[in-house]
file structure-v4.csv (CSV, C-alpha atoms)
chain,number,residue,atom,x,y,z
A,10,MET,CA,13.5,7.5,2.7
A,11,SER,CA,10.2,7.6,0.8
A,12,VAL,CA,10.0,6.4,-2.8
A,13,HIS,CA,8.5,9.8,-3.6
A,14,ASP,CA,11.4,11.8,-2.1
A,15,LEU,CA,13.9,9.6,-4.0
A,16,MET,CA,12.2,9.9,-7.4
A,17,LYS,CA,11.7,13.6,-6.9
A,18,GLU,CA,15.4,14.0,-6.0
A,19,TYR,CA,16.5,12.1,-9.1
A,20,ILE,CA,14.4,14.3,-11.4
A,21,GLU,CA,15.2,17.6,-9.7
A,22,THR,CA,18.9,17.1,-9.6
A,23,GLY,CA,19.0,15.8,-13.2
A,24,ARG,CA,20.2,12.4,-12.2
A,25,ILE,CA,17.6,10.9,-14.5
A,26,LYS,CA,16.1,12.3,-17.7
A,27,ILE,CA,12.5,12.0,-18.6
A,28,ASP,CA,10.8,12.1,-22.0
A,29,LYS,CA,7.2,13.3,-21.7
A,30,SER,CA,6.3,12.4,-25.2
A,31,LYS,CA,6.2,8.7,-24.2
A,32,HIS,CA,2.9,9.2,-22.3
A,33,PRO,CA,0.7,11.6,-24.3
A,34,GLU,CA,-2.6,10.2,-22.9
A,35,LEU,CA,-4.8,11.9,-20.4
A,36,THR,CA,-3.5,10.8,-17.0
A,37,THR,CA,-4.9,10.8,-13.4
A,38,TYR,CA,-3.4,10.0,-10.1
A,39,HIS,CA,-4.8,7.8,-7.2
A,40,ASP,CA,-3.9,8.8,-3.6
A,41,PRO,CA,-3.2,5.5,-1.7
A,42,CYS,CA,-4.5,5.7,1.9
A,43,ASN,CA,-1.1,4.8,3.3
A,44,TYR,CA,1.1,7.3,1.4
A,45,ALA,CA,-1.5,10.0,1.7
A,46,ARG,CA,-4.0,10.3,4.6
A,47,LYS,CA,-2.4,7.7,6.9
A,48,SER,CA,1.1,9.1,6.4
A,49,GLU,CA,-0.2,12.5,7.3
A,50,LYS,CA,-1.8,11.1,10.5
A,51,THR,CA,1.1,8.9,11.5
A,52,PHE,CA,4.2,10.9,10.4
A,53,GLY,CA,2.8,14.5,10.1
A,54,HIS,CA,3.4,14.6,6.3
A,55,GLY,CA,1.0,13.2,3.7
A,56,TYR,CA,2.6,12.5,0.3
A,57,TYR,CA,0.0,14.4,-1.7
A,58,GLU,CA,2.1,16.8,-3.8
A,59,GLU,CA,5.3,14.9,-4.5
A,60,PRO,CA,3.7,12.1,-6.5
A,61,ARG,CA,1.6,14.6,-8.4
A,62,TRP,CA,4.7,16.6,-9.3
A,63,ILE,CA,6.5,13.4,-10.4
A,64,THR,CA,3.6,12.3,-12.5
A,65,GLN,CA,3.5,15.7,-14.2
A,66,GLN,CA,7.2,15.6,-15.0
A,67,CYS,CA,6.3,12.5,-17.0
A,68,VAL,CA,3.0,13.6,-18.6
A,69,ASP,CA,1.6,16.9,-19.8
A,70,ASN,CA,-2.0,15.8,-20.1
A,71,TYR,CA,-3.1,15.5,-16.4
A,72,VAL,CA,-6.4,15.6,-14.7
A,73,GLU,CA,-7.4,15.3,-11.0
A,74,MET,CA,-10.2,12.9,-9.8
A,75,HIS,CA,-12.6,14.2,-7.2
A,76,PRO,CA,-12.4,14.1,-4.2
A,77,ASN,CA,-8.7,13.8,-3.9
A,78,ARG,CA,-5.8,14.0,-1.5
A,79,GLY,CA,-7.0,13.7,2.1
A,80,ASN,CA,-10.5,13.0,1.1
A,81,ASN,CA,-9.7,10.5,-1.6
A,82,TYR,CA,-11.7,7.2,-1.7
A,83,CYS,CA,-9.9,4.0,-1.0
A,84,CYS,CA,-9.7,1.7,-4.0
A,85,GLY,CA,-11.2,-1.1,-1.9
A,86,GLY,CA,-8.2,-3.3,-2.0
A,87,GLY,CA,-6.4,-1.9,1.1
A,88,GLY,CA,-5.9,-3.1,4.6
A,89,GLY,CA,-5.3,-6.6,3.3
A,90,ALA,CA,-8.6,-6.8,1.4
A,91,TRP,CA,-6.8,-7.8,-1.8
A,92,ALA,CA,-5.6,-11.0,0.1
A,93,MET,CA,-9.0,-11.7,1.8
A,94,PRO,CA,-11.7,-14.0,0.6
A,95,TYR,CA,-14.4,-11.4,0.5
A,96,SER,CA,-14.1,-10.5,-3.1
A,97,GLU,CA,-17.8,-9.6,-3.7
A,98,GLU,CA,-17.5,-6.9,-0.9
A,99,ARG,CA,-14.1,-5.8,-2.2
A,100,ILE,CA,-15.5,-5.2,-5.7
A,101,TYR,CA,-18.6,-3.5,-4.2
A,102,TYR,CA,-16.3,-1.2,-2.2
A,103,GLY,CA,-14.4,-0.3,-5.4
A,104,ARG,CA,-17.5,1.0,-7.3
A,105,VAL,CA,-16.8,4.5,-5.9
A,106,LYS,CA,-13.2,4.5,-7.0
A,107,ALA,CA,-14.2,3.2,-10.4
A,108,LYS,CA,-16.7,6.0,-10.9
A,109,GLN,CA,-14.1,8.6,-9.8
A,110,ILE,CA,-11.7,7.3,-12.4
A,111,LYS,CA,-14.2,7.0,-15.2
A,112,ASP,CA,-15.5,10.6,-14.5
A,113,THR,CA,-12.0,11.9,-15.3
A,114,GLY,CA,-12.0,10.4,-18.8
A,115,ALA,CA,-8.3,9.5,-18.2
A,116,GLU,CA,-6.7,6.6,-20.1
A,117,LEU,CA,-3.8,6.2,-17.8
A,118,LEU,CA,-4.0,5.9,-14.0
A,119,ILE,CA,-1.0,6.1,-11.7
A,120,ALA,CA,-1.0,4.3,-8.4
A,121,PRO,CA,2.1,4.1,-6.2
A,122,CYS,CA,0.9,1.2,-4.1
A,123,HIS,CA,0.8,-2.5,-4.8
A,124,ASN,CA,-2.6,-3.1,-3.4
A,125,CYS,CA,-4.2,-0.2,-5.2
A,126,ARG,CA,-2.6,-1.0,-8.5
A,127,ASP,CA,-3.7,-4.7,-8.3
A,128,GLN,CA,-7.3,-3.9,-7.2
A,129,ILE,CA,-7.8,-1.3,-9.9
A,130,MET,CA,-5.8,-3.0,-12.7
A,131,LYS,CA,-6.8,-6.6,-12.1
A,132,SER,CA,-10.3,-6.2,-10.7
A,133,LEU,CA,-12.1,-2.9,-11.1
A,134,ARG,CA,-11.2,-2.5,-14.7
A,135,GLN,CA,-13.0,-5.7,-15.6
A,136,GLU,CA,-15.8,-5.3,-13.2
A,137,TYR,CA,-16.7,-1.8,-14.1
A,138,ASP,CA,-16.1,-1.8,-17.8
A,139,MET,CA,-13.0,0.4,-18.0
A,140,MET,CA,-10.4,-1.8,-19.7
A,141,ASN,CA,-9.4,1.2,-21.8
A,142,VAL,CA,-7.7,2.6,-18.7
A,143,GLU,CA,-4.1,1.6,-18.4
A,144,VAL,CA,-2.7,1.3,-14.8
A,145,LYS,CA,0.9,1.9,-13.8
A,146,TYR,CA,2.9,2.1,-10.6
A,147,LEU,CA,4.4,5.6,-10.2
A,148,TRP,CA,7.9,4.0,-10.5
A,149,GLU,CA,6.7,2.2,-13.6
A,150,LEU,CA,5.7,5.5,-15.2
A,151,VAL,CA,9.1,6.9,-14.3
A,152,ALA,CA,11.0,3.8,-15.6
A,153,ASP,CA,9.0,3.9,-18.8
A,154,SER,CA,9.7,7.6,-19.3
A,155,LEU,CA,13.5,7.3,-18.9
A,156,VAL,CA,16.0,8.5,-21.4
A,157,ILE,CA,19.2,6.7,-20.6
A,158,GLU,CA,22.4,8.1,-22.0
A,159,GLY,CA,24.4,5.7,-24.0
A,160,VAL,CA,21.4,3.4,-24.3
A,161,ASP,CA,18.5,5.3,-25.8
A,162,ASP,CA,20.7,7.6,-28.0
A,163,LYS,CA,22.2,4.4,-29.6
A,164,GLU,CA,18.8,3.1,-30.6
A,165,GLU,CA,17.9,6.3,-32.4
B,10,MET,CA,-20.0,7.9,31.2
B,11,HIS,CA,-22.4,8.6,33.9
B,12,GLY,CA,-25.3,6.6,35.1
B,13,ASP,CA,-25.7,2.9,34.7
B,14,THR,CA,-27.2,0.9,31.9
B,15,ILE,CA,-28.3,-2.6,31.4
B,16,VAL,CA,-25.0,-3.5,29.8
B,17,LEU,CA,-22.8,-2.1,32.5
B,18,ASP,CA,-21.3,-5.4,33.2
B,19,LYS,CA,-20.2,-5.6,29.5
B,20,ARG,CA,-18.9,-2.1,29.4
B,21,GLU,CA,-16.5,-2.8,32.2
B,22,LYS,CA,-15.0,-5.6,30.2
B,23,ARG,CA,-14.7,-3.6,27.0
B,24,ARG,CA,-11.4,-3.7,25.2
B,25,LEU,CA,-12.2,-2.2,21.9
B,26,ALA,CA,-13.3,1.3,22.9
B,27,GLY,CA,-9.8,2.7,22.5
B,28,GLU,CA,-9.0,6.1,23.8
B,29,TYR,CA,-11.8,8.4,22.6
B,30,PRO,CA,-15.0,6.6,21.5
B,31,ASP,CA,-16.7,8.0,24.6
B,32,LEU,CA,-16.7,11.3,22.8
B,33,CYS,CA,-18.8,10.0,19.8
B,34,LEU,CA,-21.6,12.4,19.0
B,35,THR,CA,-23.3,9.7,16.8
B,36,CYS,CA,-23.3,12.1,13.9
B,37,GLY,CA,-22.7,9.4,11.4
B,38,THR,CA,-20.1,11.4,9.4
B,39,CYS,CA,-17.9,8.3,9.5
B,40,ALA,CA,-20.6,6.0,8.1
B,41,GLY,CA,-21.9,8.6,5.6
B,42,GLY,CA,-18.5,8.8,3.8
B,43,CYS,CA,-17.7,5.1,3.8
B,44,PRO,CA,-18.2,2.9,0.6
B,45,VAL,CA,-19.1,-0.2,2.7
B,46,THR,CA,-21.6,1.3,5.0
B,47,GLY,CA,-24.5,-1.2,5.3
B,48,VAL,CA,-22.6,-4.4,4.4
B,49,ASP,CA,-23.7,-7.1,6.8
B,50,GLY,CA,-26.0,-4.5,8.3
B,51,LEU,CA,-23.1,-2.7,9.9
B,52,ASP,CA,-21.2,0.6,9.5
B,53,MET,CA,-18.5,2.5,11.4
B,54,ARG,CA,-21.0,4.4,13.5
B,55,LYS,CA,-22.6,1.2,14.7
B,56,ALA,CA,-19.2,-0.3,15.3
B,57,VAL,CA,-18.4,2.5,17.7
B,58,ARG,CA,-21.7,2.0,19.5
B,59,MET,CA,-20.9,-1.7,19.8
B,60,ALA,CA,-17.4,-0.9,21.2
B,61,LEU,CA,-18.9,1.6,23.7
B,62,LEU,CA,-21.5,-0.9,24.8
B,63,GLY,CA,-18.9,-3.6,25.4
B,64,LEU,CA,-20.2,-5.7,22.6
B,65,ASP,CA,-16.6,-6.5,21.8
B,66,GLN,CA,-17.0,-10.1,20.9
B,67,GLU,CA,-19.9,-9.4,18.5
B,68,LEU,CA,-17.7,-7.0,16.6
B,69,VAL,CA,-14.7,-9.3,16.7
B,70,ASP,CA,-16.8,-12.1,15.3
B,71,SER,CA,-18.4,-10.0,12.6
B,72,ARG,CA,-16.8,-9.6,9.1
B,73,PHE,CA,-17.0,-5.8,9.3
B,74,PRO,CA,-13.5,-5.1,10.6
B,75,TRP,CA,-12.1,-7.1,7.7
B,76,ILE,CA,-14.4,-5.7,5.0
B,77,CYS,CA,-13.4,-2.2,6.3
B,78,THR,CA,-10.0,-1.5,4.6
B,79,ILE,CA,-8.9,0.8,7.5
B,80,CYS,CA,-8.4,3.5,4.9
B,81,GLY,CA,-9.0,6.2,7.6
B,82,ARG,CA,-11.4,8.4,5.6
B,83,CYS,CA,-13.8,8.2,8.5
B,84,GLU,CA,-11.2,9.1,11.1
B,85,ALA,CA,-10.0,12.1,9.0
B,86,ALA,CA,-13.5,13.4,8.9
B,87,CYS,CA,-14.6,12.6,12.5
B,88,PRO,CA,-15.4,15.8,14.3
B,89,MET,CA,-14.3,14.3,17.6
B,90,ASN,CA,-11.1,12.8,16.2
B,91,ILE,CA,-11.9,9.4,17.5
B,92,ASP,CA,-9.3,6.7,16.8
B,93,LEU,CA,-11.4,4.6,14.5
B,94,MET,CA,-8.6,2.9,12.6
B,95,LYS,CA,-7.0,1.7,15.9
B,96,MET,CA,-10.4,0.3,17.0
B,97,MET,CA,-10.8,-1.7,13.8
B,98,ARG,CA,-7.3,-3.0,13.9
B,99,SER,CA,-7.7,-4.0,17.5
B,100,ALA,CA,-10.9,-5.9,16.5
B,101,ARG,CA,-8.8,-7.8,14.0
B,102,ALA,CA,-6.2,-8.5,16.6
B,103,LEU,CA,-8.7,-10.0,18.9
B,104,ARG,CA,-9.6,-12.7,16.4
B,105,ASP,CA,-8.1,-16.1,17.1
B,106,ARG,CA,-5.3,-16.5,14.6
B,107,ASP,CA,-6.8,-19.6,13.0
B,108,LYS,CA,-9.9,-17.5,12.2
B,109,VAL,CA,-8.0,-14.7,10.4
B,110,PRO,CA,-9.7,-14.7,6.9
B,111,GLY,CA,-7.8,-15.8,3.9
B,112,VAL,CA,-4.1,-16.3,3.5
B,113,MET,CA,-2.7,-13.4,5.6
B,114,HIS,CA,-2.0,-15.1,8.8
B,115,LYS,CA,-0.4,-18.0,6.9
B,116,GLY,CA,1.7,-15.4,5.1
B,117,VAL,CA,2.8,-13.9,8.4
B,118,GLU,CA,3.8,-17.3,9.7
B,119,MET,CA,5.6,-18.1,6.4
B,120,CYS,CA,7.5,-14.8,6.6
B,121,LEU,CA,8.6,-15.5,10.2
B,122,LYS,CA,9.8,-18.9,9.1
B,123,THR,CA,11.4,-18.3,5.7
B,124,GLY,CA,11.9,-14.5,5.5
B,125,ASN,CA,9.2,-13.9,2.9
B,126,ASN,CA,5.4,-14.3,2.7
B,127,MET,CA,5.4,-16.7,-0.2
B,128,GLY,CA,8.1,-19.0,1.2
B,129,ILE,CA,10.4,-18.6,-1.8
B,130,PRO,CA,13.6,-20.6,-1.1
B,131,LYS,CA,16.8,-18.5,-0.9
B,132,GLU,CA,18.5,-20.4,-3.8
B,133,ASP,CA,15.6,-20.0,-6.1
B,134,TYR,CA,15.4,-16.3,-5.3
B,135,LEU,CA,19.1,-15.7,-5.8
B,136,PHE,CA,19.0,-17.6,-9.1
B,137,LEU,CA,16.0,-15.5,-10.3
B,138,LEU,CA,17.8,-12.2,-9.4
B,139,GLU,CA,20.9,-13.3,-11.3
B,140,ASP,CA,18.8,-14.5,-14.3
B,141,LEU,CA,16.7,-11.4,-14.5
B,142,GLY,CA,19.9,-9.3,-14.1
B,143,VAL,CA,21.4,-11.0,-17.2
B,144,GLU,CA,18.1,-10.4,-19.1
B,145,LEU,CA,18.1,-6.7,-18.3
B,146,ALA,CA,21.8,-6.3,-19.1
B,147,GLU,CA,20.9,-7.0,-22.7
B,148,GLU,CA,19.1,-3.7,-22.7
B,149,LEU,CA,21.3,-1.9,-20.1
B,150,PRO,CA,24.9,-2.8,-20.6
B,151,GLY,CA,26.8,-3.9,-17.4
B,152,PHE,CA,23.6,-4.1,-15.3
B,153,GLU,CA,23.5,-6.7,-12.4
B,154,VAL,CA,21.5,-7.0,-9.2
B,155,PRO,CA,23.7,-6.2,-6.2
B,156,VAL,CA,23.0,-8.6,-3.3
B,157,ASP,CA,24.2,-7.9,0.3
B,158,LYS,CA,26.5,-5.2,-0.9
B,159,LYS,CA,27.9,-3.2,2.0
B,160,GLY,CA,27.9,0.5,2.4
B,161,THR,CA,25.5,1.3,-0.4
B,162,ARG,CA,23.3,4.4,-0.3
B,163,ILE,CA,20.1,2.5,-0.6
B,164,MET,CA,18.9,-0.9,0.7
B,165,LEU,CA,15.8,-2.0,-1.3
B,166,THR,CA,13.1,-4.5,0.0
B,167,ILE,CA,11.1,-6.5,-2.4
B,168,ASN,CA,7.4,-7.4,-2.5
B,169,SER,CA,7.4,-11.2,-2.7
B,170,LYS,CA,4.5,-11.2,-5.2
B,171,GLU,CA,7.0,-9.9,-7.7
B,172,PRO,CA,9.6,-12.7,-7.7
B,173,PHE,CA,6.6,-15.1,-7.3
B,174,ASN,CA,4.2,-13.8,-9.9
B,175,GLU,CA,5.5,-10.7,-11.7
B,176,PRO,CA,9.3,-10.8,-11.8
B,177,GLU,CA,9.7,-8.3,-14.6
B,178,ASP,CA,7.9,-5.7,-12.5
B,179,MET,CA,11.2,-5.5,-10.5
B,180,PHE,CA,12.8,-4.0,-13.6
B,181,PHE,CA,11.1,-0.6,-13.0
B,182,TRP,CA,13.2,0.3,-9.9
B,183,TRP,CA,16.3,-1.5,-11.3
B,184,LYS,CA,16.1,0.7,-14.5
B,185,ILE,CA,15.7,3.9,-12.4
B,186,PHE,CA,18.7,3.0,-10.3
B,187,TYR,CA,20.7,2.2,-13.4
B,188,ALA,CA,19.8,5.5,-15.0
B,189,ALA,CA,20.6,7.4,-11.8
B,190,GLU,CA,23.8,5.5,-11.4
B,191,GLU,CA,22.6,4.8,-7.8
B,192,SER,CA,24.6,2.8,-5.2
B,193,TRP,CA,22.0,0.2,-4.0
B,194,THR,CA,21.6,-3.4,-2.8
B,195,VAL,CA,18.9,-6.0,-2.1
B,196,THR,CA,19.5,-8.6,0.6
B,197,SER,CA,19.7,-12.4,0.4
B,198,GLU,CA,17.6,-13.0,3.4
B,199,ASN,CA,14.6,-11.3,5.1
B,200,TRP,CA,14.0,-9.2,2.0
B,201,GLU,CA,10.2,-9.1,2.2
B,202,GLY,CA,8.8,-5.6,2.1
B,203,VAL,CA,5.2,-6.6,2.8
B,204,ASN,CA,4.2,-6.8,6.4
B,205,TRP,CA,0.9,-8.5,6.8
B,206,GLY,CA,1.1,-8.3,10.6
B,207,LEU,CA,0.0,-4.7,10.0
B,208,PHE,CA,-3.2,-5.9,8.5
B,209,THR,CA,-3.9,-8.9,10.8
B,210,GLY,CA,-3.4,-6.8,13.9
B,211,ASP,CA,-0.3,-8.9,14.9
B,212,ASP,CA,2.0,-6.5,16.6
B,213,ASP,CA,4.6,-9.1,17.7
B,214,ALA,CA,5.0,-10.5,14.2
B,215,MET,CA,5.0,-7.0,12.7
B,216,LYS,CA,7.8,-5.9,15.0
B,217,GLU,CA,9.9,-9.0,14.3
B,218,ILE,CA,9.6,-8.6,10.6
B,219,VAL,CA,10.6,-4.9,10.8
B,220,ARG,CA,13.4,-5.8,13.2
B,221,ARG,CA,15.0,-8.2,10.7
B,222,ILE,CA,14.9,-5.5,8.0
B,223,VAL,CA,16.5,-3.0,10.3
B,224,GLU,CA,19.1,-5.6,11.2
B,225,ASN,CA,20.0,-6.1,7.5
B,226,TYR,CA,20.2,-2.4,7.1
B,227,LYS,CA,22.5,-1.9,10.0
B,228,GLU,CA,24.7,-4.8,9.2
B,229,LEU,CA,25.1,-3.6,5.6
B,230,GLU,CA,25.7,0.0,6.8
B,231,CYS,CA,23.4,1.4,4.2
B,232,GLU,CA,22.4,5.0,4.3
B,233,TYR,CA,18.7,4.7,3.3
B,234,LEU,CA,16.1,2.0,3.5
B,235,LEU,CA,13.6,2.0,0.6
B,236,LEU,CA,10.3,0.0,0.8
B,237,PRO,CA,8.3,0.5,-2.3
B,238,GLU,CA,4.9,-0.7,-1.1

call {"tool": "encode", "arguments": {"input": "structure-v4.csv", "output": "structure tokens"}}
result
Amino acid sequence: MSVHDLMKEYIETGRIKIDKSKHPELTTYHDPCNYARKSEKTFGHGYYEEPRWITQQCVDNYVEMHPNRGNNYCCGGGGGAWAMPYSEERIYYGRVKAKQIKDTGAELLIAPCHNCRDQIMKSLRQEYDMMNVEVKYLWELVADSLVIEGVDDKEE
Amino acid sequence: MHGDTIVLDKREKRRLAGEYPDLCLTCGTCAGGCPVTGVDGLDMRKAVRMALLGLDQELVDSRFPWICTICGRCEAACPMNIDLMKMMRSARALRDRDKVPGVMHKGVEMCLKTGNNMGIPKEDYLFLLEDLGVELAEELPGFEVPVDKKGTRIMLTINSKEPFNEPEDMFFWWKIFYAAEESWTVTSENWEGVNWGLFTGDDDAMKEIVRRIVENYKELECEYLLLPE
């Protein structure tokens, strides 16, 4: 089962409750090659819409980067590049992604892939002067948006 | 594919050309849309020409197949639908294993030996899960990490960088499961969700790592397998 299908199911069926007010900032979404383009090629279904839907259940203020979905640019950390010694080339690769993100004006970027998240959060933000952009996994966004009965209502 | 050329002897030996590069129109769409075109004087269009000409070893020895992230943007745009990702991964596979750049092949060997890429010992890993479970239970009453629990709906793999470097990042999924009152488990062995054999072109290792995960999944009789990578 895909992480996207599972999170979507939880939200759709009301098994988890989300509070949108926890993420008021302008938010954009990065399509990882593997969940998107390569999943479409390999399995006949690219996860383009599900993660966008999940993201927009957690935030109201949403913007797309361009190009997106099947034409999205790789972050530069994929295919093992994050674990390879060619960091200069990896950072050079990421300049296109960095510009895409900056052009949206978003302050929160959602990436549902470990490689993409690490490349953007730990490298591209520093290299391309965009430390103001927070980076979260999609499941981190969902976890941080949760309203848990018997826990959150006690605190209030 | 008609007529002979000066490199015919090489073309007969070619291993990288895959199924369709013969069809390449040399339009350069692949290279035009790629952020690393020009690095080391190479690009995807040139790589296809090299494969077609039988210059396999030159491509295998170059850094290009490793600087390419195999993101597939070129292949999605190719008007002749040439299997470019397969070609690049095959070039990686043809490298001697001791010449795979960086830590990835070591990670593959470590995973085959210990069940995770970082070589985290089982007792340390189990102690960490228990310890983190206690920490999270302070926020979420009654929470604990289920290990090797049979018959759950979901079996979850873990990216070893999390227990190794960023253990609290495991809380995200744990919190979601708690909120959803999900029936889930992790496993005590072969829990690694990262498969570097995919990236190094090592099919045998990749299959073995997948086989072990499936074995856990069958033994525990779980309904779904979840790999958050």

call {"tool": "interface_residues", "arguments": {"input": "structure-v4.csv", "of": "chain B", "to": "chain A", "cutoff": "7 Å", "atoms": "all atoms listed in the file", "output": "PyMOL selection string"}}
result
chain B and resi 44-45+76+78-82+110-113+149+181-182+184-185+188-189+208+233-235+237-238

call {"tool": "write_last_selection", "arguments": {"input": "structure-v4.csv", "atoms": "C-alpha atoms", "output": "mmCIF file, keeping the file's coordinate frame"}}
result
data_model
loop_
_atom_site.group_PDB
_atom_site.id
_atom_site.type_symbol
_atom_site.label_atom_id
_atom_site.label_comp_id
_atom_site.auth_asym_id
_atom_site.auth_seq_id
_atom_site.Cartn_x
_atom_site.Cartn_y
_atom_site.Cartn_z
ATOM 1 C CA PRO B 44 -18.200 2.900 0.600
ATOM 2 C CA VAL B 45 -19.100 -0.200 2.700
ATOM 3 C CA ILE B 76 -14.400 -5.700 5.000
ATOM 4 C CA THR B 78 -10.000 -1.500 4.600
ATOM 5 C CA ILE B 79 -8.900 0.800 7.500
ATOM 6 C CA CYS B 80 -8.400 3.500 4.900
ATOM 7 C CA GLY B 81 -9.000 6.200 7.600
ATOM 8 C CA ARG B 82 -11.400 8.400 5.600
ATOM 9 C CA PRO B 110 -9.700 -14.700 6.900
ATOM 10 C CA GLY B 111 -7.800 -15.800 3.900
ATOM 11 C CA VAL B 112 -4.100 -16.300 3.500
ATOM 12 C CA MET B 113 -2.700 -13.400 5.600
ATOM 13 C CA LEU B 149 21.300 -1.900 -20.100
ATOM 14 C CA PHE B 181 11.100 -0.600 -13.000
ATOM 15 C CA TRP B 182 13.200 0.300 -9.900
ATOM 16 C CA LYS B 184 16.100 0.700 -14.500
ATOM 17 C CA ILE B 185 15.700 3.900 -12.400
ATOM 18 C CA ALA B 188 19.800 5.500 -15.000
ATOM 19 C CA ALA B 189 20.600 7.400 -11.800
ATOM 20 C CA PHE B 208 -3.200 -5.900 8.500
ATOM 21 C CA TYR B 233 18.700 4.700 3.300
ATOM 22 C CA LEU B 234 16.100 2.000 3.500
ATOM 23 C CA LEU B 235 13.600 2.000 0.600
ATOM 24 C CA PRO B 237 8.300 0.500 -2.300
ATOM 25 C CA GLU B 238 4.900 -0.700 -1.100
#

call {"tool": "closest_residue", "arguments": {"input": "structure-v4.csv", "among": "B:Asp211, B:Met179, B:Ala146, B:Cys39", "to": "Cys87 in chain B", "atoms": "all atoms listed in the file"}}
result
B:Cys39

call {"tool": "atom_distance", "arguments": {"input": "structure-v4.csv", "atom1": "CA of Val68 in chain A", "atom2": "CA of Lys29 in chain A"}}
result
5.2 Å

call {"tool": "closest_residue", "arguments": {"input": "structure-v4.csv", "among": "B:Val143, B:Ala60, B:Ile129, B:Leu25", "to": "Asn174 in chain B", "atoms": "only C-alpha atoms"}}
result
B:Ile129

call {"tool": "residues_around", "arguments": {"input": "structure-v4.csv", "residues": "Asn225 in chain B", "least_positions_apart": "6", "cutoff": "12 Å", "atoms": "only C-alpha atoms", "output": "number ranges by chain"}}
result
B: 124, 156-160, 163-166, 194-201, 218-219, 231-234

call {"tool": "atom_distance", "arguments": {"input": "structure-v4.csv", "atom1": "CA of Lys108 in chain A", "atom2": "CA of Pro60 in chain A"}}
result
21.7 Å

call {"tool": "atom_distance", "arguments": {"input": "structure-v4.csv", "atom1": "CA of Ala56 in chain B", "atom2": "CA of Ala102 in chain B"}}
result
15.4 Å

call {"tool": "residues_around", "arguments": {"input": "structure-v4.csv", "residues": "Asp69 in chain A", "least_positions_apart": "5", "cutoff": "10 Å", "atoms": "all atoms listed in the file", "output": "list in words"}}
result
Lys29, Ser30, His32, Pro33, Glu34, Leu35, Thr36 and Thr64 of chain A

call {"tool": "residues_around", "arguments": {"input": "structure-v4.csv", "residues": "Met119 in chain B", "least_positions_apart": "2", "cutoff": "12 Å", "atoms": "all atoms listed in the file", "output": "list in words"}}
result
Val112, Met113, His114, Lys115, Gly116, Val117, Leu121, Lys122, Thr123, Gly124, Asn125, Asn126, Met127, Gly128, Ile129, Pro130, Ser169, Asn199, Glu201, Asn204, Trp205, Gly206, Ala214 and Ile218 of chain B

call {"tool": "residues_around", "arguments": {"input": "structure-v4.csv", "residues": "Gln135 in chain A", "least_positions_apart": "6", "cutoff": "12 Å", "atoms": "all atoms listed in the file", "output": "ChimeraX atom specification"}}
result
/A:100,103-104,107,127-129,141-143

call {"tool": "closest_residue", "arguments": {"input": "structure-v4.csv", "among": "B:Glu190, B:Glu230, B:Glu177, B:Asp49", "to": "Thr161 in chain B", "atoms": "all atoms listed in the file"}}
result
B:Glu230

call {"tool": "decode", "arguments": {"input": "structure-v4.csv", "residues": "range 27-40 of chain B", "atoms": "C-alpha atoms", "output": "JSON list (two decimals), in the first residue's frame"}}
result
[["chain", "number", "residue", "atom", "x", "y", "z"],
["B", 27, "GLY", "CA", 19.06, -1.72, -24.32],
["B", 28, "GLU", "CA", 15.98, -2.38, -26.38],
["B", 29, "TYR", "CA", 15.37, 0.79, -28.35],
["B", 30, "PRO", "CA", 18.33, 3.19, -28.68],
["B", 31, "ASP", "CA", 18.52, 2.21, -32.35],
["B", 32, "LEU", "CA", 15.45, 4.37, -32.76],
["B", 33, "CYS", "CA", 17.13, 7.54, -31.48],
["B", 34, "LEU", "CA", 16.50, 10.50, -33.79],
["B", 35, "THR", "CA", 19.29, 12.51, -32.10],
["B", 36, "CYS", "CA", 16.81, 15.30, -31.45],
["B", 37, "GLY", "CA", 18.38, 16.12, -28.09],
["B", 38, "THR", "CA", 15.09, 16.53, -26.20],
["B", 39, "CYS", "CA", 16.58, 14.37, -23.44],
["B", 40, "ALA", "CA", 19.66, 16.54, -23.05]]
